[in-house]
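> Here you go, one structure.
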Amino acid sequence: MKEFKIPKNEDEQSVLKTIRIKYSVLKKIEDLSKRSNISVNKIINECIDFALENLDESNLDK
């Protein structure tokens, strides 16, 4: 599997969207944010990008 890395630059315009996230996942992301000095928002966006780039679409309903 491809290695997940969090770049420190922010190039793309963003939009405000409210989501619900599991408390346990948020705690892990907040810990990672503190240790890496990268915002929670940036980490979540990078996680989503990584997941979408590595998504196996062969099992999706059409």
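Chain labels follow the order of the structure tokens: the first chain is A, the next B, and so on; residue numbering restarts at 1 in every chain, and ligands are counted from 1 in their shown order.
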Fewer than 5 positions away in the same chain doesn't count, so skip those; otherwise give me all residues within 10 Å of Glu53 in chain A, counting only C-alpha atoms, as a VMD selection string.
chain A and resid 2 47 to 48
> Suppose you want the space between CA of Lys42 in chain A and CA of Lys5 in chain A; what is it in Å?
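Those two atoms sit 11.5 Å apart.
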> Using only C-alpha atoms, find the one residue out of A:Leu26, A:Ile21, A:Leu60, A:Leu52 that sits nearest to Val40 in chain A.
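The shortest atom-to-atom distance to Val40 in chain A comes from A:Leu26.
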> Between A:Ile6, A:Leu55, A:Val15, A:Met1, which one has atoms that come closest to Asn37 in chain A, using only C-alpha atoms?
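Of all the options, A:Ile6 lies closest to Asn37 in chain A.
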> For Asn41 in chain A, which of A:Asn54, A:Lys22, A:Leu16, A:Asn59 is the closest residue, counting only C-alpha atoms?
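For Asn41 in chain A, the nearest of the candidates is A:Leu16.
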